[in-house]
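J.: This is the content of target38.txt (compact mmCIF, C-alpha atoms):
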```txt
# COMPACT_ATOMS: atom_id res chain seq x y z
CA MET A 1 -123.02 -288.55 68.85
CA LYS A 2 -119.84 -286.97 67.49
CA GLN A 3 -121.39 -283.49 67.89
CA LYS A 4 -122.27 -284.22 71.56
CA ALA A 5 -118.67 -285.31 72.25
CA GLN A 6 -117.40 -282.09 70.66
CA ILE A 7 -119.73 -280.00 72.86
CA GLN A 8 -118.54 -281.88 75.98
CA LEU A 9 -114.92 -281.33 74.99
CA GLY A 10 -115.63 -277.62 74.53
CA GLU A 11 -117.24 -277.52 77.99
CA SER A 12 -114.20 -279.19 79.55
CA ILE A 13 -111.81 -276.76 77.86
CA PHE A 14 -113.91 -273.82 79.05
CA VAL A 15 -113.90 -275.09 82.65
CA VAL A 16 -110.12 -275.64 82.58
CA MET A 17 -109.60 -272.14 81.21
CA ILE A 18 -111.77 -270.61 83.95
CA ILE A 19 -109.85 -272.52 86.63
CA ILE A 20 -106.50 -271.41 85.17
CA LEU A 21 -107.73 -267.78 85.09
CA LEU A 22 -108.83 -268.03 88.72
CA LEU A 23 -105.47 -269.48 89.71
CA VAL A 24 -103.52 -266.77 87.87
CA PHE A 25 -105.70 -264.09 89.45
CA GLY A 26 -105.09 -265.68 92.90
CA ILE A 27 -101.33 -265.82 92.42
CA VAL A 28 -101.16 -262.17 91.28
CA PHE A 29 -103.28 -261.02 94.21
CA TYR A 30 -101.23 -263.09 96.68
CA SER A 31 -97.89 -261.76 95.42
CA GLN A 32 -99.14 -258.16 95.63
CA ALA A 33 -100.38 -258.75 99.17
CA GLU A 34 -97.05 -260.29 100.19
CA LYS A 35 -95.15 -257.38 98.63
CA GLU A 36 -97.18 -254.88 100.65
CA SER A 37 -96.82 -256.86 103.84
CA ILE A 38 -93.02 -257.05 103.41
CA GLY A 39 -92.95 -253.27 102.78
CA SER A 40 -94.91 -252.54 105.97
CA SER A 41 -92.69 -254.91 108.00
CA LYS A 42 -89.66 -253.04 106.68
CA THR A 43 -91.16 -249.72 107.87
CA ILE A 44 -91.90 -251.19 111.29
CA PHE A 45 -88.34 -252.48 111.66
CA LYS A 46 -86.93 -249.10 110.64
CA ASP A 47 -89.20 -247.39 113.19
CA LEU A 48 -88.05 -249.79 115.89
CA GLU A 49 -84.42 -249.10 114.98
CA THR A 50 -85.04 -245.36 115.34
CA ILE A 51 -86.73 -245.89 118.72
CA THR A 52 -83.81 -247.99 119.97
CA LEU A 53 -81.35 -245.38 118.75
CA THR A 54 -83.30 -242.55 120.41
CA GLN A 55 -83.45 -244.39 123.72
CA PHE A 56 -79.74 -245.18 123.60
CA ALA A 57 -78.74 -241.62 122.68
CA SER A 58 -80.98 -239.96 125.28
CA SER A 59 -79.63 -242.15 128.07
CA LEU A 60 -75.89 -242.02 127.36
CA THR A 61 -74.44 -242.37 130.87
CA GLU A 62 -71.26 -240.65 129.72
CA LEU A 63 -73.16 -237.39 129.25
CA GLN A 64 -75.83 -237.47 131.96
CA CYS A 65 -75.96 -234.87 134.71
CA SER A 66 -75.23 -236.35 138.09
CA ILE A 67 -74.95 -235.09 141.62
CA GLN A 68 -73.26 -237.44 144.07
CA GLN A 69 -73.56 -240.27 141.52
CA VAL A 70 -77.32 -239.81 141.19
CA GLU A 71 -78.24 -239.36 137.53
CA PHE A 72 -81.04 -237.12 136.26
CA PRO A 73 -83.11 -238.27 133.30
CA ASN A 74 -83.21 -236.08 130.17
CA CYS A 75 -80.25 -234.01 131.35
CA PHE A 76 -76.80 -233.57 129.78
CA ASP A 77 -73.75 -231.97 131.37
CA LYS A 78 -72.23 -229.31 129.07
CA THR A 79 -68.66 -230.05 130.20
CA LYS A 80 -69.16 -233.76 129.51
CA LEU A 81 -70.48 -232.91 126.04
CA THR A 82 -67.25 -231.13 125.12
CA ALA A 83 -65.14 -234.00 126.47
CA PHE A 84 -67.28 -236.55 124.64
CA ILE A 85 -66.92 -234.73 121.31
CA SER A 86 -63.13 -234.63 121.64
CA LEU A 87 -63.13 -238.37 122.43
CA VAL A 88 -65.31 -239.42 119.52
CA GLN A 89 -63.78 -237.06 116.98
CA SER A 90 -60.15 -237.45 118.00
CA GLU A 91 -57.79 -238.85 115.39
CA GLY A 92 -56.53 -242.34 116.06
CA ASP A 93 -58.96 -243.40 118.80
CA ASP A 94 -60.60 -246.13 116.76
CA VAL A 95 -61.81 -248.14 119.76
CA ALA A 96 -64.19 -245.37 120.87
CA LYS A 97 -65.30 -244.77 117.28
CA GLU A 98 -65.97 -248.46 116.72
CA PHE A 99 -67.91 -248.77 119.96
CA TYR A 100 -70.20 -245.83 119.22
CA PHE A 101 -70.62 -246.88 115.60
CA SER A 102 -71.81 -250.30 116.76
CA GLN A 103 -74.43 -248.61 118.93
CA LEU A 104 -75.40 -245.54 116.91
CA GLY A 105 -74.71 -246.66 113.33
CA ASN A 106 -75.27 -244.21 110.50
CA SER A 107 -76.70 -241.22 112.29
CA ASN A 108 -76.20 -237.60 113.17
CA ILE A 109 -76.81 -236.51 116.78
CA THR A 110 -76.88 -232.84 117.70
CA ILE A 111 -77.77 -230.94 120.85
CA SER A 112 -78.80 -227.28 120.55
CA GLU A 113 -79.49 -224.78 123.32
CA ILE A 114 -82.92 -223.18 122.85
CA TYR A 115 -83.35 -221.20 126.09
CA PRO A 116 -81.81 -218.87 127.23
CA VAL A 117 -81.47 -217.63 123.66
CA SER A 118 -77.87 -217.00 122.64
CA ASN A 119 -76.52 -215.58 119.43
CA PRO A 120 -75.20 -217.68 117.70
CA VAL A 121 -77.18 -220.68 118.99
CA LEU A 122 -74.95 -223.05 120.97
CA LYS A 123 -74.71 -226.43 119.27
CA TRP A 124 -72.88 -229.66 120.03
CA ASN A 125 -72.57 -232.23 117.28
CA ILE A 126 -71.88 -235.20 119.54
CA TYR A 127 -71.90 -237.92 116.86
CA GLN A 128 -71.82 -237.92 113.10
CA ASN A 129 -71.45 -240.91 110.85
CA LEU A 130 -73.07 -240.53 107.49
CA PRO A 131 -73.13 -243.25 104.80
CA SER A 132 -70.55 -241.52 102.56
CA GLU A 133 -68.88 -238.16 102.01
CA LYS A 134 -71.05 -237.46 98.98
CA SER A 135 -74.28 -237.96 100.88
CA VAL A 136 -73.57 -235.50 103.69
CA SER A 137 -76.07 -233.07 102.22
CA ALA A 138 -78.30 -235.73 100.73
CA THR A 139 -81.66 -235.92 102.44
CA GLY A 140 -82.74 -238.90 100.38
CA LEU A 141 -80.92 -241.24 102.74
CA LEU A 142 -82.47 -239.75 105.87
CA VAL A 143 -84.77 -242.38 107.36
CA SER A 144 -86.18 -240.48 110.29
CA ARG A 145 -85.65 -237.56 112.63
CA VAL A 146 -86.60 -237.31 116.30
CA ASP A 147 -86.38 -234.16 118.44
CA LEU A 148 -86.28 -234.58 122.21
CA PRO A 149 -86.13 -231.81 124.83
CA VAL A 150 -83.24 -232.15 127.28
CA SER A 151 -81.84 -230.05 130.12
CA LEU A 152 -78.29 -228.77 129.70
CA LEU A 153 -76.45 -228.33 132.98
CA ASN A 154 -73.67 -225.82 133.39
CA PRO A 155 -71.99 -227.27 136.50
CA ILE A 156 -69.94 -224.11 137.10
CA SER A 157 -72.87 -221.71 137.38
CA ASN A 158 -75.27 -224.53 138.37
CA THR A 159 -77.83 -223.42 135.78
CA TYR A 160 -80.02 -225.53 133.52
CA SER A 161 -80.77 -224.52 129.94
CA PHE A 162 -83.52 -225.89 127.74
CA GLY A 163 -81.99 -227.86 124.88
CA ILE A 164 -83.07 -230.11 122.04
CA LEU A 165 -81.48 -233.44 121.24
CA THR A 166 -81.89 -234.07 117.51
CA ILE A 167 -81.38 -237.60 116.25
CA GLU A 168 -81.23 -238.16 112.50
CA LYS A 169 -81.09 -241.77 111.36
CA TYR A 170 -79.64 -242.57 107.95
CA ASN A 171 -79.79 -245.70 105.81
CA MET B 172 -124.78 -294.01 84.57
CA LYS B 173 -127.05 -291.10 85.48
CA SER B 174 -126.12 -291.31 89.19
CA GLN B 175 -122.38 -291.30 88.33
CA LYS B 176 -122.81 -288.11 86.26
CA ALA B 177 -124.73 -286.43 89.09
CA GLN B 178 -121.98 -287.37 91.54
CA SER B 179 -119.25 -285.87 89.36
CA GLU B 180 -121.28 -282.66 88.99
CA ILE B 181 -121.61 -282.41 92.79
CA VAL B 182 -117.82 -282.83 93.11
CA GLY B 183 -117.37 -279.97 90.61
CA LEU B 184 -119.73 -277.74 92.61
CA LEU B 185 -117.88 -278.62 95.79
CA ILE B 186 -114.56 -277.60 94.23
CA ILE B 187 -116.03 -274.23 93.21
CA VAL B 188 -117.45 -273.67 96.72
CA ILE B 189 -114.06 -274.54 98.28
CA LEU B 190 -112.23 -272.19 95.89
CA ILE B 191 -114.59 -269.29 96.68
CA THR B 192 -114.31 -269.93 100.44
CA VAL B 193 -110.49 -269.99 100.31
CA ALA B 194 -110.45 -266.78 98.25
CA MET B 195 -112.79 -265.04 100.72
CA LEU B 196 -110.77 -266.18 103.74
CA PHE B 197 -107.58 -264.97 102.09
CA TYR B 198 -109.16 -261.60 101.26
CA LEU B 199 -110.42 -261.21 104.85
CA SER B 200 -107.03 -262.03 106.38
CA TYR B 201 -105.36 -259.60 103.98
CA THR B 202 -107.68 -256.68 104.83
CA THR B 203 -107.35 -257.35 108.58
CA ASN B 204 -103.54 -257.40 108.27
CA GLN B 205 -103.59 -254.15 106.33
CA SER B 206 -105.53 -252.21 109.01
CA ASP B 207 -103.24 -253.71 111.65
CA SER B 208 -100.09 -252.63 109.84
CA SER B 209 -101.41 -249.09 109.32
CA THR B 210 -101.60 -248.79 113.12
CA LYS B 211 -98.06 -250.15 113.47
CA GLY B 212 -96.87 -247.71 110.80
CA ASN B 213 -97.39 -244.85 113.25
CA LEU B 214 -95.17 -246.48 115.85
CA ARG B 215 -92.30 -244.02 115.57
CA LYS B 216 -94.59 -241.00 115.39
CA GLU B 217 -96.50 -242.10 118.47
CA PHE B 218 -93.29 -242.83 120.36
CA ALA B 219 -91.76 -239.49 119.31
CA ASP B 220 -94.87 -237.52 120.36
CA ASN B 221 -95.22 -239.32 123.70
CA GLU B 222 -91.52 -238.90 124.50
CA LEU B 223 -91.69 -235.27 123.43
CA SER B 224 -94.62 -234.39 125.69
CA MET B 225 -93.14 -236.23 128.68
CA SER B 226 -89.58 -234.94 128.41
CA PHE B 227 -90.77 -231.45 127.49
CA VAL B 228 -92.53 -230.91 130.82
CA GLN B 229 -89.75 -232.62 132.79
CA THR B 230 -87.13 -230.42 131.15
CA LEU B 231 -89.25 -227.29 131.48
CA VAL B 232 -89.56 -227.40 135.29
CA ARG B 233 -85.81 -227.76 135.65
CA THR B 234 -84.94 -224.82 133.36
CA THR B 235 -83.46 -221.83 135.16
CA VAL B 236 -84.59 -218.31 134.28
CA PRO B 237 -81.78 -215.69 134.06
CA GLU B 238 -84.22 -212.81 134.72
CA CYS B 239 -85.12 -214.36 138.09
CA ASN B 240 -81.65 -214.93 139.58
CA ASN B 241 -81.30 -218.24 137.72
CA LEU B 242 -84.04 -219.89 139.73
CA PRO B 243 -85.72 -222.96 138.18
CA LEU B 244 -89.23 -222.71 136.76
CA ASP B 245 -90.77 -225.02 139.38
CA ILE B 246 -89.78 -222.54 142.11
CA LEU B 247 -91.22 -219.66 140.07
CA ILE B 248 -94.47 -221.58 139.49
CA LYS B 249 -94.72 -222.24 143.23
CA ASP B 250 -94.13 -218.56 144.03
CA CYS B 251 -96.74 -217.51 141.47
CA GLY B 252 -99.29 -220.10 142.60
CA LEU B 253 -98.95 -219.17 146.28
CA LYS B 254 -98.89 -215.43 145.45
CA GLU B 255 -95.92 -215.06 147.78
CA HIS B 256 -93.96 -212.67 145.54
CA ILE B 257 -90.73 -213.38 147.41
CA ILE B 258 -88.74 -213.70 144.19
CA ASN B 259 -87.60 -210.62 142.35
CA CYS B 260 -87.59 -210.96 138.54
CA TYR B 261 -86.30 -207.47 137.72
CA GLY B 262 -89.67 -205.72 137.78
CA MET B 263 -91.70 -208.68 136.51
CA THR B 264 -93.91 -210.83 138.72
CA THR B 265 -93.05 -214.52 138.84
CA CYS B 266 -96.35 -215.21 137.00
CA ASP B 267 -95.23 -212.94 134.15
CA ALA B 268 -91.79 -214.57 134.11
CA VAL B 269 -93.34 -218.06 133.93
CA TYR B 270 -95.64 -217.02 131.07
CA LYS B 271 -92.82 -215.29 129.18
CA THR B 272 -90.49 -218.29 129.51
CA PHE B 273 -93.17 -220.80 128.50
CA ASN B 274 -94.11 -218.70 125.52
CA ASN B 275 -90.49 -218.25 124.45
CA ILE B 276 -89.65 -221.97 124.67
CA SER B 277 -92.85 -223.22 123.03
CA GLU B 278 -92.50 -220.69 120.18
CA ASN B 279 -88.93 -221.82 119.48
CA THR B 280 -89.75 -225.51 119.62
CA LEU B 281 -93.33 -226.75 119.22
CA THR B 282 -94.58 -223.87 117.07
CA PHE B 283 -91.35 -223.84 115.06
CA TRP B 284 -91.79 -227.58 114.33
CA ASP B 285 -95.38 -226.90 113.26
CA LYS B 286 -96.77 -229.12 116.01
CA SER B 287 -100.38 -228.90 117.07
CA TYR B 288 -100.30 -228.77 120.87
CA SER B 289 -101.92 -227.65 124.09
CA LEU B 290 -99.59 -226.50 126.88
CA ARG B 291 -101.10 -225.61 130.24
CA VAL B 292 -100.01 -224.59 133.69
CA LYS B 293 -102.79 -225.30 136.18
CA TYR B 294 -102.09 -223.59 139.47
CA GLY B 295 -104.62 -225.80 141.30
CA ASP B 296 -107.70 -225.25 143.48
CA THR B 297 -105.76 -223.74 146.38
CA SER B 298 -104.33 -220.99 144.20
CA THR B 299 -105.93 -217.80 142.94
CA ALA B 300 -103.39 -217.33 140.13
CA ASP B 301 -104.66 -217.45 136.57
CA ASP B 302 -103.81 -220.65 134.69
CA ILE B 303 -101.61 -220.39 131.59
CA TYR B 304 -102.99 -221.74 128.32
CA LEU B 305 -100.81 -221.89 125.23
CA ASN B 306 -102.86 -223.55 122.52
CA ASN B 307 -102.19 -224.28 118.91
CA VAL B 308 -105.00 -226.77 118.30
CA ASP B 309 -108.07 -227.27 116.12
CA ASP B 310 -111.44 -228.87 116.97
CA THR B 311 -110.20 -232.40 116.24
CA CYS B 312 -107.78 -232.17 119.15
CA ASN B 313 -109.88 -230.99 122.08
CA GLU B 314 -109.63 -232.62 125.49
CA GLY B 315 -111.00 -236.17 125.44
CA THR B 316 -110.95 -236.56 121.65
CA VAL B 317 -109.09 -239.30 119.77
CA GLY B 318 -107.03 -236.71 117.92
CA ARG B 319 -105.04 -235.99 121.07
CA ARG B 320 -102.19 -238.18 122.31
CA ALA B 321 -101.67 -239.00 125.98
CA PRO B 322 -100.42 -235.80 127.67
CA GLY B 323 -97.15 -235.40 129.56
CA ILE B 324 -97.93 -234.21 133.07
CA GLN B 325 -95.55 -232.86 135.70
CA PRO B 326 -96.93 -232.10 139.19
CA ILE B 327 -95.35 -229.36 141.31
CA PRO B 328 -96.47 -229.62 144.96
CA TYR B 329 -96.73 -226.42 147.03
CA TYR B 330 -95.30 -228.35 150.00
CA PRO B 331 -95.33 -227.56 152.94
CA LYS B 332 -98.45 -225.59 151.95
CA PRO B 333 -101.47 -227.47 150.55
CA GLY B 334 -102.16 -227.88 146.86
CA THR B 335 -100.34 -228.85 143.70
CA ALA B 336 -99.72 -227.11 140.40
CA PHE B 337 -99.59 -229.12 137.17
CA ILE B 338 -97.85 -228.60 133.87
CA GLU B 339 -99.53 -230.49 131.06
CA LEU B 340 -98.53 -230.83 127.43
CA ALA B 341 -100.69 -232.66 124.93
CA ILE B 342 -99.55 -233.19 121.35
CA CYS B 343 -102.12 -233.71 118.61
CA LYS B 344 -102.00 -236.43 115.98
CA LYS B 345 -101.17 -235.06 112.54
```
For this file, write the structure as structure tokens.
T.:
Amino acid sequence: MKQKAQIQLGESIFVVMIIILLLVFGIVFYSQAEKESIGSSKTIFKDLETITLTQFASSLTELQCSIQQVEFPNCFDKTKLTAFISLVQSEGDDVAKEFYFSQLGNSNITISEIYPVSNPVLKWNIYQNLPSEKSVSATGLLVSRVDLPVSLLNPISNTYSFGILTIEKYN
Amino acid sequence: MKSQKAQSEIVGLLIIVILITVAMLFYLSYTTNQSDSSTKGNLRKEFADNELSMSFVQTLVRTTVPECNNLPLDILIKDCGLKEHIINCYGMTTCDAVYKTFNNISENTLTFWDKSYSLRVKYGDTSTADDIYLNNVDDTCNEGTVGRRAPGIQPIPYYPKPGTAFIELAICKK
């Protein structure tokens, strides 16, 4: 009788151990799955941020080509680019800087003229706000880069060049 | 006594069945979520490629060519498609000027970025001009395959004459 009770006790202990093992295995698996799902959500949010930034930068009304107040999509006016750069980079104009920082955040936006080919290549760095001075050359903080073709209007000669709007998003 | 023991054993079995079912359901939902998130992970890439193909063709037609009195490419494409040869491009035909410009721009952008692409100018049924094909694609990215993203298309009507030319750029998934 005593031996039977001992066997039953052993059985119970074995069952409890199996259940505990199953539970531990379940918890480990669940935490790993959650970790991966949070990681993928993070990537999606970063992608969405880049898309928003790209759409905002490519449709900056301040820079768009316009004839009789009609704007052209994917077109920047070269004279407006120069004026925009002096506004954003001027010393003391913190209101403009704050406004564009709230919209563009930590990013670097450049427009380069690809055709007609000129030597050196014409470039306009319309916005630059990198996380810190030290990380200017650091690529580790670069989240994503998007290149978009844009027309560059020279309103004096009324010619359109083929340019590339490069948007680099940083952490 | 015997019936009570049998009942408790059935309860034990039931618990095991429930545990296995919950584990399987959890595993299934996890695998489904994973395949879903891998599609979402390409969100930026897909957006960038679609925007690139659309804005590329829109920008291209507007670009003016210095060798052809700074006339835009859509006018040159029209002249080439209709074989009018009204425009003087300093010894070149407008068809040559269009090809040269397309080649120059695509080499400095799409090829430079190591993109796999197919850029075409179709002069249409009413034209006798030879279509332009600039391809940098492999077999996985032929027309109608899943390896190719939705193309950016820009029509150029020959108005008031009949027919339409098309510029089409398709970017391949990489």
J.: Excluding same-chain residues fewer than 3 positions from stretch 180-188 of chain B, what lies within 12 Å of it counting all atoms listed in the file, as a PyMOL selection string?
T.: (chain A and resi 12+15-16+18-19+22) or (chain B and resi 173-177+191-195)
J.: What does the structure give for the distance between atom CA of A:Val121 and atom CA of B:Asp285, in Å to one decimal?
T.: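 Distance between the two atoms: 20.1 Å.
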J.: What separation in Å, quoted to one decimal, exists between atom CA of A:Val88 and atom CA of A:Ser112?
T.: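 Atom-to-atom, atom CA of A:Val88 to atom CA of A:Ser112, that is 18.2 Å.
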J.: Could you check how far atom CA of B:Tyr329 sits from atom CA of A:Val117, in Å to one decimal?
T.: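 Rounded to one decimal, the two atoms are 29.3 Å apart.
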J.: Would you list which chain B residues are within 8 Å of chain A using all atoms listed in the file, as a PyMOL selection string?
T.: chain B and resi 194+201+205+208+211-212+214-215+218-219+222-223+226-227+229-231+233-237+241+243+275-276+279-280
J.: How would you write as a list in words the residues that get within 6 Å of (-79.8, -233.7, 118.8) in the file's frame, counting all atoms listed in the file?
T.: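 The distance filter leaves exactly Ile109, Thr110, Ile111, Ile164, Leu165, Thr166 and Ile167 of chain A.
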J.: For each of B:Thr311, B:Cys239, B:Phe273, B:Phe283, take the minimum atom-to-atom distance to B:Ile257, counting only C-alpha atoms, then give the residue where this is smallest.
T.: B:Cys239
J.: Between B:Cys343, B:Leu247, B:Ala336, B:Val292, which residue has the minimum interatomic distance to B:Asp310, considering only C-alpha atoms?
T.: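 Going through B:Cys343, B:Leu247, B:Ala336, B:Val292 one by one, the smallest distance to B:Asp310 is for B:Cys343.
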J.: With distances taken over all atoms listed in the file, which residue among B:Glu238, B:Gly334, B:Thr203, B:Leu253 lies nearest B:Val269?
T.: B:Glu238
J.: Check the smallest atom-to-atom distance from each of B:Ile338, B:Val317, B:Ile303, B:Leu290 to B:Asp267 using all atoms listed in the file, then report the winner.
T.: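 Closest residue, counting all atoms listed in the file: B:Ile303.
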